[in-house]
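*Asks:* Data: final06.csv, CSV, C-alpha atoms and all ligand atoms.
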```csv
chain,number,residue,atom,x,y,z
V,1,MET,CA,16.0,57.7,-56.1
V,2,ASN,CA,14.6,56.1,-53.0
V,3,LEU,CA,12.2,53.5,-54.3
V,4,LEU,CA,9.5,51.8,-52.3
V,5,VAL,CA,8.7,48.4,-53.8
V,6,THR,CA,5.7,46.5,-52.4
V,7,GLY,CA,5.7,42.7,-52.7
V,8,GLY,CA,9.4,42.7,-53.5
V,9,SER,CA,9.8,39.2,-52.0
V,10,GLY,CA,7.4,37.6,-54.5
V,11,PHE,CA,8.2,36.1,-57.9
V,12,ILE,CA,8.3,39.3,-60.0
V,13,GLY,CA,9.3,41.5,-57.1
V,14,THR,CA,12.5,39.4,-56.5
V,15,THR,CA,13.6,39.8,-60.1
V,16,LEU,CA,12.7,43.5,-60.1
V,17,VAL,CA,14.6,44.2,-56.8
V,18,ARG,CA,17.7,42.3,-58.1
V,19,LEU,CA,17.5,44.3,-61.4
V,20,LEU,CA,17.2,47.6,-59.7
V,21,LEU,CA,20.2,46.9,-57.4
V,22,ARG,CA,22.3,45.5,-60.2
V,23,GLU,CA,21.6,47.9,-63.0
V,24,THR,CA,20.6,51.3,-61.4
V,25,GLY,CA,21.9,53.4,-58.5
V,26,HIS,CA,18.4,53.5,-56.8
V,27,ARG,CA,18.0,52.5,-53.2
V,28,VAL,CA,15.2,50.0,-52.5
V,29,VAL,CA,12.9,49.5,-49.5
V,30,ASN,CA,10.8,46.4,-49.9
V,31,LEU,CA,7.5,46.3,-48.0
V,32,ASP,CA,6.3,42.7,-48.0
V,33,LYS,CA,4.0,40.8,-45.7
V,34,LEU,CA,5.9,37.6,-46.5
V,35,THR,CA,2.7,35.6,-47.0
V,36,TYR,CA,2.9,32.0,-48.2
V,37,SER,CA,4.1,33.3,-51.6
V,38,GLY,CA,6.8,35.7,-50.3
V,39,ASP,CA,10.0,34.3,-49.1
V,40,THR,CA,13.1,36.0,-47.7
V,41,GLY,CA,15.3,33.3,-49.3
V,42,SER,CA,14.8,34.7,-52.8
V,43,LEU,CA,16.6,37.9,-51.8
V,44,ALA,CA,19.0,36.4,-49.3
V,45,GLY,CA,22.4,38.2,-49.5
V,46,VAL,CA,21.3,41.1,-51.7
V,47,GLY,CA,21.7,43.6,-48.8
V,48,GLY,CA,25.3,42.5,-48.4
V,49,GLU,CA,26.0,42.7,-52.1
V,50,HIS,CA,24.7,46.2,-52.3
V,51,PRO,CA,25.5,47.8,-48.9
V,52,GLY,CA,23.1,50.6,-47.8
V,53,ARG,CA,20.8,50.2,-50.8
V,54,TYR,CA,18.4,47.5,-49.7
V,55,ARG,CA,16.1,47.2,-46.8
V,56,LEU,CA,13.2,44.7,-46.1
V,57,VAL,CA,10.3,45.9,-44.0
V,58,ARG,CA,7.9,43.1,-43.1
V,59,GLY,CA,4.5,44.7,-43.1
V,60,CYS,CA,1.1,44.8,-44.7
V,61,VAL,CA,0.2,47.1,-47.6
V,62,THR,CA,-3.2,47.7,-46.0
V,63,ASP,CA,-1.6,49.0,-42.7
V,64,ALA,CA,-1.6,52.8,-42.9
V,65,ALA,CA,0.7,53.0,-39.9
V,66,ALA,CA,3.4,51.0,-41.8
V,67,VAL,CA,2.7,52.4,-45.3
V,68,PHE,CA,2.5,56.2,-44.7
V,69,PRO,CA,6.0,56.8,-43.4
V,70,LEU,CA,7.5,54.6,-46.1
V,71,VAL,CA,5.7,56.5,-48.8
V,72,ALA,CA,6.9,59.8,-47.2
V,73,GLU,CA,10.5,58.6,-47.4
V,74,ALA,CA,10.2,57.4,-51.0
V,75,ASP,CA,10.7,59.3,-54.3
V,76,ALA,CA,8.6,56.7,-56.2
V,77,VAL,CA,6.6,53.6,-55.6
V,78,LEU,CA,6.4,50.3,-57.6
V,79,HIS,CA,3.3,48.5,-56.3
V,80,LEU,CA,3.4,44.7,-56.8
V,81,ALA,CA,2.1,43.3,-53.5
V,82,ALA,CA,-1.0,41.2,-54.3
V,83,GLU,CA,-2.7,38.0,-53.8
V,84,SER,CA,-2.0,36.5,-57.2
V,85,HIS,CA,-3.2,32.9,-57.6
V,86,VAL,CA,-6.5,32.6,-59.5
V,87,ASP,CA,-7.3,29.2,-58.1
V,88,ARG,CA,-7.0,30.5,-54.5
V,89,SER,CA,-9.4,33.3,-55.4
V,90,ILE,CA,-11.9,30.8,-56.6
V,91,ALA,CA,-11.7,28.4,-53.6
V,92,THR,CA,-14.5,28.7,-51.1
V,93,GLY,CA,-13.8,31.7,-48.9
V,94,GLY,CA,-10.7,32.6,-50.8
V,95,ALA,CA,-11.8,35.8,-52.5
V,96,ARG,CA,-12.0,38.0,-49.4
V,97,VAL,CA,-8.2,38.3,-48.9
V,98,PHE,CA,-7.9,39.3,-52.6
V,99,VAL,CA,-10.2,42.2,-52.1
V,100,GLU,CA,-8.4,43.2,-48.9
V,101,THR,CA,-4.9,43.1,-50.2
V,102,ASN,CA,-5.4,44.0,-53.9
V,103,VAL,CA,-8.1,46.7,-53.5
V,104,MET,CA,-7.6,48.1,-50.0
V,105,GLY,CA,-3.8,47.8,-50.2
V,106,THR,CA,-3.8,49.9,-53.4
V,107,GLN,CA,-6.2,52.5,-51.8
V,108,THR,CA,-3.9,52.7,-48.7
V,109,LEU,CA,-1.0,53.5,-51.0
V,110,LEU,CA,-3.0,56.1,-52.8
V,111,ASP,CA,-4.1,57.7,-49.5
V,112,ALA,CA,-0.5,57.8,-48.4
V,113,LEU,CA,0.6,59.5,-51.6
V,114,ARG,CA,-2.2,62.0,-51.3
V,115,SER,CA,-1.5,62.9,-47.7
V,116,THR,CA,2.3,63.2,-48.1
V,117,PRO,CA,3.6,66.6,-49.1
V,118,GLY,CA,4.6,66.3,-52.7
V,119,GLY,CA,3.1,62.8,-52.8
V,120,LEU,CA,0.9,63.5,-55.9
V,121,ALA,CA,4.0,64.3,-57.9
V,122,LYS,CA,5.7,61.0,-56.9
V,123,ARG,CA,5.5,58.3,-59.6
V,124,LEU,CA,3.4,55.3,-58.8
V,125,VAL,CA,3.9,52.3,-61.0
V,126,HIS,CA,0.8,50.1,-60.4
V,127,VAL,CA,1.6,46.6,-61.6
V,128,SER,CA,-1.6,45.0,-62.9
V,129,THR,CA,-2.4,42.1,-65.2
V,130,ASP,CA,-3.8,41.4,-68.7
V,131,GLU,CA,-6.4,39.3,-67.0
V,132,VAL,CA,-8.4,42.4,-66.2
V,133,TYR,CA,-9.5,42.3,-69.9
V,134,GLY,CA,-11.1,38.9,-69.6
V,135,ASP,CA,-10.4,36.6,-72.5
V,136,LEU,CA,-10.2,36.4,-76.2
V,137,PRO,CA,-11.7,33.8,-78.5
V,138,LEU,CA,-9.5,31.0,-79.8
V,139,GLY,CA,-8.9,30.9,-83.6
V,140,GLU,CA,-8.7,34.7,-84.1
V,141,PRO,CA,-4.9,35.3,-84.0
V,142,GLY,CA,-5.2,38.9,-85.2
V,143,VAL,CA,-7.3,39.9,-82.2
V,144,ARG,CA,-5.2,41.0,-79.2
V,145,PHE,CA,-5.6,43.1,-76.0
V,146,THR,CA,-4.6,46.7,-76.3
V,147,GLU,CA,-4.7,49.6,-73.7
V,148,GLU,CA,-8.1,50.4,-75.2
V,149,THR,CA,-9.7,47.0,-74.5
V,150,PRO,CA,-12.6,47.3,-72.1
V,151,TYR,CA,-12.3,45.6,-68.7
V,152,ALA,CA,-14.2,42.3,-68.4
V,153,PRO,CA,-12.5,40.3,-65.6
V,154,SER,CA,-13.5,36.7,-65.1
V,155,SER,CA,-12.1,35.6,-61.7
V,156,PRO,CA,-12.2,37.2,-58.2
V,157,TYR,CA,-8.4,37.7,-58.7
V,158,SER,CA,-8.8,39.6,-62.0
V,159,ALA,CA,-11.8,41.5,-60.6
V,160,SER,CA,-9.8,42.7,-57.6
V,161,LYS,CA,-7.0,43.8,-59.8
V,162,ALA,CA,-9.4,45.6,-62.1
V,163,ALA,CA,-10.9,47.4,-59.1
V,164,SER,CA,-7.4,48.5,-58.0
V,165,ASP,CA,-6.6,49.8,-61.5
V,166,LEU,CA,-9.8,51.8,-61.5
V,167,LEU,CA,-8.9,53.4,-58.1
V,168,VAL,CA,-5.5,54.4,-59.5
V,169,ARG,CA,-7.1,55.8,-62.6
V,170,ALA,CA,-9.5,57.8,-60.4
V,171,ALA,CA,-6.6,59.2,-58.4
V,172,VAL,CA,-5.0,60.3,-61.6
V,173,ARG,CA,-8.1,62.0,-62.9
V,174,THR,CA,-9.4,63.5,-59.6
V,175,HIS,CA,-6.2,64.3,-57.6
V,176,GLY,CA,-3.6,64.5,-60.4
V,177,GLN,CA,-1.6,61.5,-59.0
V,178,ASN,CA,1.5,60.8,-61.1
V,179,ALA,CA,0.8,57.2,-61.8
V,180,CYS,CA,1.1,54.6,-64.6
V,181,VAL,CA,-0.7,51.3,-64.8
V,182,THR,CA,0.9,48.2,-66.5
V,183,HIS,CA,-0.9,45.1,-67.8
V,184,CYS,CA,1.5,42.2,-68.3
V,185,SER,CA,0.8,38.7,-69.7
V,186,ASN,CA,1.9,35.5,-67.9
V,187,ASN,CA,5.4,35.5,-66.6
V,188,PHE,CA,7.9,32.6,-66.3
V,189,GLY,CA,11.4,32.3,-64.9
V,190,PRO,CA,13.2,31.7,-61.6
V,191,TRP,CA,11.8,32.3,-58.1
V,192,GLN,CA,8.2,31.6,-58.9
V,193,PHE,CA,6.2,30.0,-56.1
V,194,PRO,CA,5.8,26.3,-57.0
V,195,GLU,CA,2.0,26.4,-57.1
V,196,LYS,CA,1.9,28.1,-60.5
V,197,VAL,CA,1.8,26.0,-63.6
V,198,ILE,CA,5.5,26.0,-64.8
V,199,PRO,CA,7.3,25.3,-61.5
V,200,LEU,CA,4.5,23.0,-60.4
V,201,PHE,CA,4.8,20.9,-63.5
V,202,ILE,CA,8.6,20.8,-63.2
V,203,ALA,CA,8.4,19.8,-59.5
V,204,ARG,CA,5.9,17.1,-60.3
V,205,LEU,CA,8.0,15.7,-63.1
V,206,MET,CA,11.1,15.8,-61.0
V,207,ASP,CA,9.2,13.7,-58.4
V,208,GLY,CA,8.1,11.1,-61.0
V,209,ARG,CA,4.4,12.3,-60.7
V,210,ARG,CA,1.9,13.2,-63.4
V,211,VAL,CA,1.0,16.8,-64.3
V,212,PRO,CA,-2.6,18.0,-64.0
V,213,LEU,CA,-3.8,19.6,-67.3
V,214,TYR,CA,-7.0,21.6,-67.1
V,215,GLY,CA,-9.9,20.8,-69.5
V,216,ASP,CA,-9.0,20.3,-73.1
V,217,GLY,CA,-5.6,22.0,-72.7
V,218,ARG,CA,-6.3,24.5,-75.5
V,219,ASN,CA,-6.3,27.6,-73.3
V,220,VAL,CA,-3.6,30.0,-74.6
V,221,ARG,CA,-1.3,32.2,-72.6
V,222,ASP,CA,1.3,34.8,-73.9
V,223,TRP,CA,4.4,33.9,-71.9
V,224,LEU,CA,7.0,36.6,-71.0
V,225,HIS,CA,10.3,36.1,-69.1
V,226,VAL,CA,10.1,37.7,-65.7
V,227,GLU,CA,13.2,39.7,-66.4
V,228,ASP,CA,11.6,41.3,-69.5
V,229,HIS,CA,8.7,42.3,-67.3
V,230,ALA,CA,11.0,43.8,-64.7
V,231,ARG,CA,12.7,45.8,-67.4
V,232,ALA,CA,9.4,47.0,-68.7
V,233,LEU,CA,8.5,48.2,-65.1
V,234,LEU,CA,11.8,50.1,-65.0
V,235,ALA,CA,11.1,51.7,-68.3
V,236,VAL,CA,7.7,52.8,-67.1
V,237,LEU,CA,9.1,54.1,-63.9
V,238,GLU,CA,11.8,56.2,-65.7
V,239,ARG,CA,10.1,57.2,-68.9
V,240,GLY,CA,6.3,56.4,-68.8
V,241,ARG,CA,4.0,59.3,-69.3
V,242,ALA,CA,2.0,60.2,-66.3
V,243,GLY,CA,-1.6,58.8,-66.3
V,244,GLU,CA,-0.8,56.3,-69.1
V,245,THR,CA,-1.4,52.6,-69.3
V,246,TYR,CA,1.1,50.2,-70.8
V,247,ASP,CA,0.4,46.7,-72.0
V,248,VAL,CA,3.4,44.3,-71.8
V,249,GLY,CA,3.6,41.0,-73.6
V,250,GLY,CA,6.0,38.5,-75.2
V,251,ASP,CA,4.4,37.7,-78.6
V,252,ASN,CA,4.8,34.2,-77.3
V,253,GLU,CA,1.3,32.6,-77.4
V,254,ARG,CA,1.3,28.9,-76.4
V,255,SER,CA,-1.6,26.6,-75.5
V,256,ASN,CA,-1.3,24.8,-72.1
V,257,ALA,CA,-1.1,21.5,-74.1
V,258,GLU,CA,1.9,22.9,-76.1
V,259,LEU,CA,3.6,24.1,-72.9
V,260,THR,CA,3.0,20.7,-71.2
V,261,ALA,CA,4.5,18.9,-74.3
V,262,MET,CA,7.6,21.1,-74.1
V,263,LEU,CA,8.1,20.4,-70.4
V,264,LEU,CA,7.6,16.6,-70.9
V,265,ASP,CA,10.1,16.7,-73.7
V,266,ALA,CA,12.6,18.5,-71.5
V,267,PHE,CA,12.4,15.5,-69.1
V,268,GLY,CA,12.3,12.9,-71.9
V,269,LEU,CA,8.8,11.8,-70.8
V,270,GLY,CA,5.6,11.1,-72.8
V,271,GLU,CA,2.0,12.0,-72.7
V,272,ASP,CA,1.2,9.2,-70.3
V,273,ARG,CA,2.4,11.7,-67.6
V,274,ILE,CA,-0.6,13.9,-68.2
V,275,GLU,CA,-3.5,13.7,-65.9
V,276,ARG,CA,-6.6,15.4,-67.4
V,277,VAL,CA,-8.4,17.3,-64.6
V,278,ALA,CA,-11.8,19.2,-64.6
V,279,ASP,CA,-11.5,22.6,-66.1
V,280,ARG,CA,-11.0,25.7,-63.8
V,281,PRO,CA,-14.5,27.4,-63.4
V,282,GLY,CA,-14.7,30.4,-65.7
V,283,HIS,CA,-11.4,29.5,-67.2
V,284,ASP,CA,-10.2,32.3,-69.7
V,285,ARG,CA,-9.6,30.8,-73.1
V,286,ARG,CA,-6.9,33.1,-74.6
V,287,TYR,CA,-4.7,36.0,-73.5
V,288,ALA,CA,-2.7,37.9,-76.0
V,289,ILE,CA,-1.1,41.3,-75.7
V,290,ASP,CA,-0.4,43.9,-78.4
V,291,ALA,CA,2.6,45.6,-76.8
V,292,ALA,CA,3.1,48.1,-79.6
V,293,LYS,CA,2.7,51.2,-77.3
V,294,ILE,CA,5.4,50.4,-74.8
V,295,ARG,CA,7.7,49.3,-77.7
V,296,ARG,CA,7.1,52.5,-79.6
V,297,GLU,CA,7.0,55.0,-76.7
V,298,LEU,CA,9.5,53.6,-74.3
V,299,GLY,CA,11.8,51.6,-76.6
V,300,TRP,CA,11.1,48.4,-74.6
V,301,ALA,CA,11.3,44.9,-76.2
V,302,PRO,CA,11.6,41.5,-74.7
V,303,ARG,CA,15.2,40.1,-74.6
V,304,ARG,CA,14.9,36.8,-72.8
V,305,SER,CA,11.5,35.4,-73.8
V,306,ALA,CA,12.3,33.2,-76.8
V,307,TRP,CA,11.1,29.6,-76.5
V,308,PRO,CA,12.2,26.8,-76.2
V,309,GLU,CA,15.6,28.2,-75.0
V,310,ALA,CA,14.2,30.4,-72.2
V,311,LEU,CA,11.8,27.7,-71.0
V,312,LEU,CA,14.6,25.1,-70.9
V,313,GLU,CA,16.8,27.6,-69.0
V,314,THR,CA,13.9,27.9,-66.5
V,315,VAL,CA,13.6,24.1,-66.2
V,316,ALA,CA,17.4,24.0,-65.5
V,317,TRP,CA,17.0,26.7,-62.8
V,318,TYR,CA,14.4,24.8,-60.9
V,319,ARG,CA,16.4,21.6,-61.2
V,320,GLU,CA,19.4,23.4,-59.7
V,321,ASN,CA,17.5,25.3,-57.0
V,322,GLU,CA,15.4,22.5,-55.4
V,323,ALA,CA,16.8,23.7,-52.0
V,324,TRP,CA,14.8,26.9,-52.5
V,325,TRP,CA,11.5,25.6,-53.7
V,326,ARG,CA,11.0,22.2,-52.1
V,327,PRO,CA,10.5,23.6,-48.5
V,328,LEU,CA,8.0,26.1,-49.8
V,329,LEU,CA,6.1,23.4,-51.6
V,330,GLU,CA,6.1,21.3,-48.4
V,331,LYS,CA,4.9,24.2,-46.3
V,332,ALA,CA,2.1,25.0,-48.8
V,333,GLY,CA,1.1,21.3,-48.7
V,334,ARG,CA,1.0,21.3,-44.9
V,335,ALA,CA,-1.1,24.5,-44.9
V,336,GLN,CA,-3.6,22.9,-47.3
V,337,THR,CA,-4.0,19.8,-45.1
V,338,LYS,CA,-4.6,22.1,-42.1
V,339,ARG,CA,-7.3,24.0,-44.0
V,340,ARG,CA,-9.0,20.8,-45.0
V,341,ASN,CA,-9.0,19.6,-41.4
G,1,LIG,N1,2.9,36.3,-62.2
G,1,LIG,C1,2.4,36.8,-63.3
G,1,LIG,O1,2.5,36.1,-64.3
G,1,LIG,C2,1.9,38.2,-63.4
G,1,LIG,C3,1.5,38.7,-64.6
G,1,LIG,C4,1.1,40.1,-64.7
G,1,LIG,C5,0.9,40.8,-63.5
G,1,LIG,N2,1.2,40.2,-62.3
G,1,LIG,C6,1.1,41.1,-61.1
G,1,LIG,O2,2.4,41.3,-60.6
G,1,LIG,C7,2.4,41.4,-59.2
G,1,LIG,C8,3.3,40.4,-58.5
G,1,LIG,O3,3.0,39.1,-58.9
G,1,LIG,P1,3.8,37.8,-58.5
G,1,LIG,O4,3.6,36.8,-59.5
G,1,LIG,O5,5.2,38.2,-58.2
G,1,LIG,O6,3.0,37.4,-57.2
G,1,LIG,P2,3.6,36.6,-55.9
G,1,LIG,O7,2.3,36.0,-55.3
G,1,LIG,O8,4.7,35.7,-56.3
G,1,LIG,O9,4.1,37.7,-54.9
G,1,LIG,C9,3.3,38.6,-54.2
G,1,LIG,C10,4.1,39.2,-53.1
G,1,LIG,O10,3.2,40.1,-52.4
G,1,LIG,C11,3.4,39.9,-51.0
G,1,LIG,N3,2.1,40.3,-50.4
G,1,LIG,C12,0.9,39.6,-50.5
G,1,LIG,N4,0.0,40.3,-49.7
G,1,LIG,C13,0.6,41.3,-49.1
G,1,LIG,C14,0.2,42.4,-48.3
G,1,LIG,N5,-1.1,42.4,-47.8
G,1,LIG,N6,1.1,43.3,-47.9
G,1,LIG,C15,2.4,43.3,-48.3
G,1,LIG,N7,2.8,42.3,-49.1
G,1,LIG,C16,2.0,41.3,-49.6
G,1,LIG,C17,3.7,38.4,-50.9
G,1,LIG,O11,4.3,38.1,-49.6
G,1,LIG,C18,4.6,38.2,-52.1
G,1,LIG,O12,5.9,38.5,-51.7
G,1,LIG,C19,0.9,41.2,-58.7
G,1,LIG,O13,0.3,42.4,-58.5
G,1,LIG,C20,0.3,40.5,-59.9
G,1,LIG,O14,-1.1,40.8,-60.0
G,1,LIG,C21,1.7,38.9,-62.2
```
Please re-express this file's structure in structure tokens.
*Replies:*
Amino acid sequence: MNLLVTGGSGFIGTTLVRLLLRETGHRVVNLDKLTYSGDTGSLAGVGGEHPGRYRLVRGCVTDAAAVFPLVAEADAVLHLAAESHVDRSIATGGARVFVETNVMGTQTLLDALRSTPGGLAKRLVHVSTDEVYGDLPLGEPGVRFTEETPYAPSSPYSASKAASDLLVRAAVRTHGQNACVTHCSNNFGPWQFPEKVIPLFIARLMDGRRVPLYGDGRNVRDWLHVEDHARALLAVLERGRAGETYDVGGDNERSNAELTAMLLDAFGLGEDRIERVADRPGHDRRYAIDAAKIRRELGWAPRRSAWPEALLETVAWYRENEAWWRPLLEKAGRAQTKRRN
């Protein structure tokens, strides 16, 4: 197939594009705006390794003139392009770009699919997040998100993702769009922009600095290796039932304090390296996914998410690939200083 992947230069997109080129015969066009979180370095060389099967188009998912012809050429679309960092969506003036990219970008793709001959039959895999469900209480381990859980997003990020999901669902119901929506838990692994908690903490510890832990550190996340997420997206692309939603998770719930302790341990450092910082406003307490549906219907299961091994492998990757992430961190730092001025 000819696949259009949006946001293919981001964290999950990079892993997905590499997986598609390595393990399938599909051709990939990657539409990416290369915002601060998208980087050509993460896919450097893949075009040469897979001649004729990979092309990067630098463009914005809200730009109909760029999107319509790419959708017309594609047999299916995997939609990952998004503003993805919760803290940025909370910052003053930060939410607007989340609405533009996440909501308007998704609608632009839906419009393109609808206006292309045969477009409604093309499979759209809309990559969303478990954060659309809001949060779960601590201390009730039996309670987890399922595909039936009502939406209750807490942050501008998750609200914009929820809005985009609803537009996809509406296109399924009203126009018969062949689409699936996925809700995945927190991902970890290589190529993640170093503002997110795991690479940020690793970078800080490598620099001899302290790590900022939000609030009481008891917030729980269900961590999944990014390659397991990419495999789930491939399964949904190939075998998902049209119109269905699939929740994807790692059965790997960890509190932020537990995650921090494991990272400190990997560096042989103690709790004196923790800096307690004020909690994130509206901070979700617990995310946990019941992934029974995708396991049962599509035969998917995580292969690479077992901790501590997978977390230690990730630590080793960031230690070995400083040349990739350090310039990004410095660029992000400079941009922040500019904004403050
Ligand atoms: N990271 C996670 O833990 C996680 C978990 C579940 C779901 N998701 C979802 O997966 C998707 C990818 O997340 P990620 O962590 O890889 O994010 P990311 O921020 O690392 O990557 C996003 C990519 O989208 C591109 N992009 C941003 N705005 C764009 C625009 N207007 N037009 C074209 N490209 C644009 C960026 O340049 C970047 O390459 C997102 O939709 C996110 O909501 C992420």
*Asks:* Report as a Markdown table the residues of chain V within 7 Å of ligand LIG 1 (chain G), each with its shortest atom pair and distance in Å (one decimal), using all atoms listed in the file, ordered by chain and increasing residue number.
*Replies:*
```
| residue | atom | partner | partner_atom | distance |
| --- | --- | --- | --- | --- |
| V:Thr6 | CA | G:LIG1 | N7 | 6.1 |
| V:Gly7 | CA | G:LIG1 | O10 | 3.6 |
| V:Gly8 | CA | G:LIG1 | O12 | 5.8 |
| V:Ser9 | CA | G:LIG1 | O12 | 4.0 |
| V:Gly10 | CA | G:LIG1 | O12 | 3.3 |
| V:Phe11 | CA | G:LIG1 | O5 | 3.7 |
| V:Ile12 | CA | G:LIG1 | O5 | 3.7 |
| V:Gly13 | CA | G:LIG1 | O5 | 5.4 |
| V:Leu31 | CA | G:LIG1 | C15 | 5.9 |
| V:Asp32 | CA | G:LIG1 | N7 | 3.7 |
| V:Lys33 | CA | G:LIG1 | N7 | 3.9 |
| V:Leu34 | CA | G:LIG1 | O11 | 3.5 |
| V:Thr35 | CA | G:LIG1 | O11 | 3.9 |
| V:Tyr36 | CA | G:LIG1 | O11 | 6.4 |
| V:Ser37 | CA | G:LIG1 | O7 | 4.9 |
| V:Gly38 | CA | G:LIG1 | O12 | 3.3 |
| V:Asp39 | CA | G:LIG1 | O12 | 6.4 |
| V:Gly59 | CA | G:LIG1 | C15 | 5.8 |
| V:Cys60 | CA | G:LIG1 | N6 | 3.5 |
| V:Val61 | CA | G:LIG1 | N6 | 3.9 |
| V:Thr62 | CA | G:LIG1 | N5 | 6.0 |
| V:Leu80 | CA | G:LIG1 | C7 | 4.2 |
| V:Ala81 | CA | G:LIG1 | O10 | 3.6 |
| V:Ala82 | CA | G:LIG1 | C12 | 4.5 |
| V:Glu83 | CA | G:LIG1 | C12 | 5.1 |
| V:Ser84 | CA | G:LIG1 | O7 | 4.7 |
| V:His85 | CA | G:LIG1 | O7 | 6.7 |
| V:Thr101 | CA | G:LIG1 | N5 | 4.5 |
| V:Gly105 | CA | G:LIG1 | N5 | 6.5 |
| V:Val127 | CA | G:LIG1 | O13 | 5.4 |
| V:Ser128 | CA | G:LIG1 | C5 | 4.9 |
| V:Thr129 | CA | G:LIG1 | C5 | 3.9 |
| V:Asp130 | CA | G:LIG1 | C4 | 6.5 |
| V:Lys161 | CA | G:LIG1 | O14 | 6.6 |
| V:His183 | CA | G:LIG1 | C4 | 6.2 |
| V:Cys184 | CA | G:LIG1 | C4 | 4.2 |
| V:Ser185 | CA | G:LIG1 | C3 | 5.1 |
| V:Asn186 | CA | G:LIG1 | O1 | 3.7 |
| V:Asn187 | CA | G:LIG1 | O1 | 3.7 |
| V:Phe188 | CA | G:LIG1 | O1 | 6.7 |
| V:Gln192 | CA | G:LIG1 | O8 | 6.0 |
| V:Phe193 | CA | G:LIG1 | O8 | 5.9 |
```
*Asks:* Just checking: using only C-alpha atoms, which residue out of V:Ala266, V:Ile289, V:Ala232, V:Ile274 ends up closest to Glu309 of chain V?
*Replies:*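 For Glu309 of chain V, the nearest of the given residues is V:Ala266.
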*Asks:* Would you pick out the contacts of Thr149 of chain V at 12 Å or less, using all atoms listed in the file, so that residues sharing its chain but fewer than 5 positions from it are not included, and give the list as a PyMOL selection string?
*Replies:* chain V and resi 130-136+143-144+183+245-247+288-290
*Asks:* For the contact check between segment 183-299 of chain V and segment 167-176 of chain V, emit one row per residue of segment 183-299 of chain V within 12 Å, containing the shortest atom pair and the distance in Å rounded to one decimal, counting all atoms listed in the file, chain then rising number order, as CSV.
*Replies:*
```
residue,atom,partner,partner_atom,distance
V:Arg241,CA,V:Val172,CA,11.9
V:Ala242,CA,V:Val172,CA,8.4
V:Gly243,CA,V:Val172,CA,6.0
V:Glu244,CA,V:Arg169,CA,9.1
V:Thr245,CA,V:Arg169,CA,9.4
```
*Asks:* Measuring between only C-alpha atoms, which one of V:Gly240, V:Pro281, V:Gly299, V:Pro150 shows the shortest distance to Val181 of chain V?
*Replies:*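 Of all the options, V:Gly240 lies closest to Val181 of chain V.
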*Asks:* Between V:Thr40, V:Asn2, V:Thr182, V:Ser305, which residue has the minimum interatomic distance to Ala76 of chain V, considering only C-alpha atoms?
*Replies:*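 Nearest to Ala76 of chain V: V:Asn2.
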*Asks:* Give me, please, the distance in Å between atom CA of Leu312 of chain V and atom CA of Arg254 of chain V, quoted to one decimal.
*Replies:*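 Interatomic distance, atom CA of Leu312 of chain V to atom CA of Arg254 of chain V: 14.9 Å.
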*Asks:* Go through V:Leu311, V:Ala323, V:Leu56, V:Ile294 and flag the residue nearest Val236 of chain V, using only C-alpha atoms for the distances.
*Replies:*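 Using only C-alpha atoms, the shortest distance to Val236 of chain V belongs to V:Ile294.
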*Asks:* At a cut-off of 12 Å, using all atoms listed in the file, what residues contact Arg210 of chain V? Leave out same-chain residues fewer than 6 positions from it and give the result as a PyMOL selection string.
*Replies:* chain V and resi 200-204+260+263-264+269-277
*Asks:* Restricting the calculation to only C-alpha atoms: of V:Val17, V:Leu237, V:Ala95, V:Val5, which residue gets closest to Val57 of chain V?
*Replies:* V:Val5
*Asks:* Between atom CA of Arg27 of chain V and atom CA of Pro69 of chain V, what distance in Å does the model show, to one decimal?
*Replies:*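 Going from atom CA of Arg27 of chain V over to atom CA of Pro69 of chain V, I get 16.1 Å.
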*Asks:* Please check which residues have atoms at most 10 Å from (-12.8, 33.1, -55.6) in the file's coordinates, counting only C-alpha atoms, and write them as a PyMOL selection string.
*Replies:* chain V and resi 85-98+155-159+281
*Asks:* Could you work out how far atom CA of Arg304 of chain V lies from atom CA of Gly48 of chain V, giving the answer in Å with one decimal?
*Replies:*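 Calculated distance between atom CA of Gly48 of chain V and atom CA of Arg304 of chain V is 27.1 Å.
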*Asks:* When you look at Glu227 of chain V with a cut-off of 8 Å (counting only C-alpha atoms), what residues show up, excluding the ones that are within fewer than 5 positions of it in the same chain? I need them as a list in words.
*Replies:*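 Selected residues are Thr15, Leu16, Gly189 and Arg304 of chain V.
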*Asks:* Any chance you could export the current selection's C-alpha atoms as a compact mmCIF listing (two decimals), keeping the file's coordinate frame?
*Replies:*
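Wrote it out as out26.txt, contents follow:
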```
# COMPACT_ATOMS: atom_id res chain seq x y z
CA THR V 15 13.60 39.80 -60.10
CA LEU V 16 12.70 43.50 -60.10
CA GLY V 189 11.40 32.30 -64.90
CA ARG V 304 14.90 36.80 -72.80
```
*Asks:* Near Leu110 of chain V, within 10 Å and counting all atoms listed in the file, which residues show up once chain neighbours fewer than 3 positions away are dropped, as number ranges by chain?
*Replies:* V: 68, 71, 104-107, 113-115, 119-120, 124, 167-168, 171-172, 177, 179
*Asks:* Between V:Glu147, V:Ser160, V:Tyr318, V:Ala74, which is the closest to Lys293 of chain V once you count all atoms listed in the file?
*Replies:*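 Among the listed residues, V:Glu147 lies closest to Lys293 of chain V.
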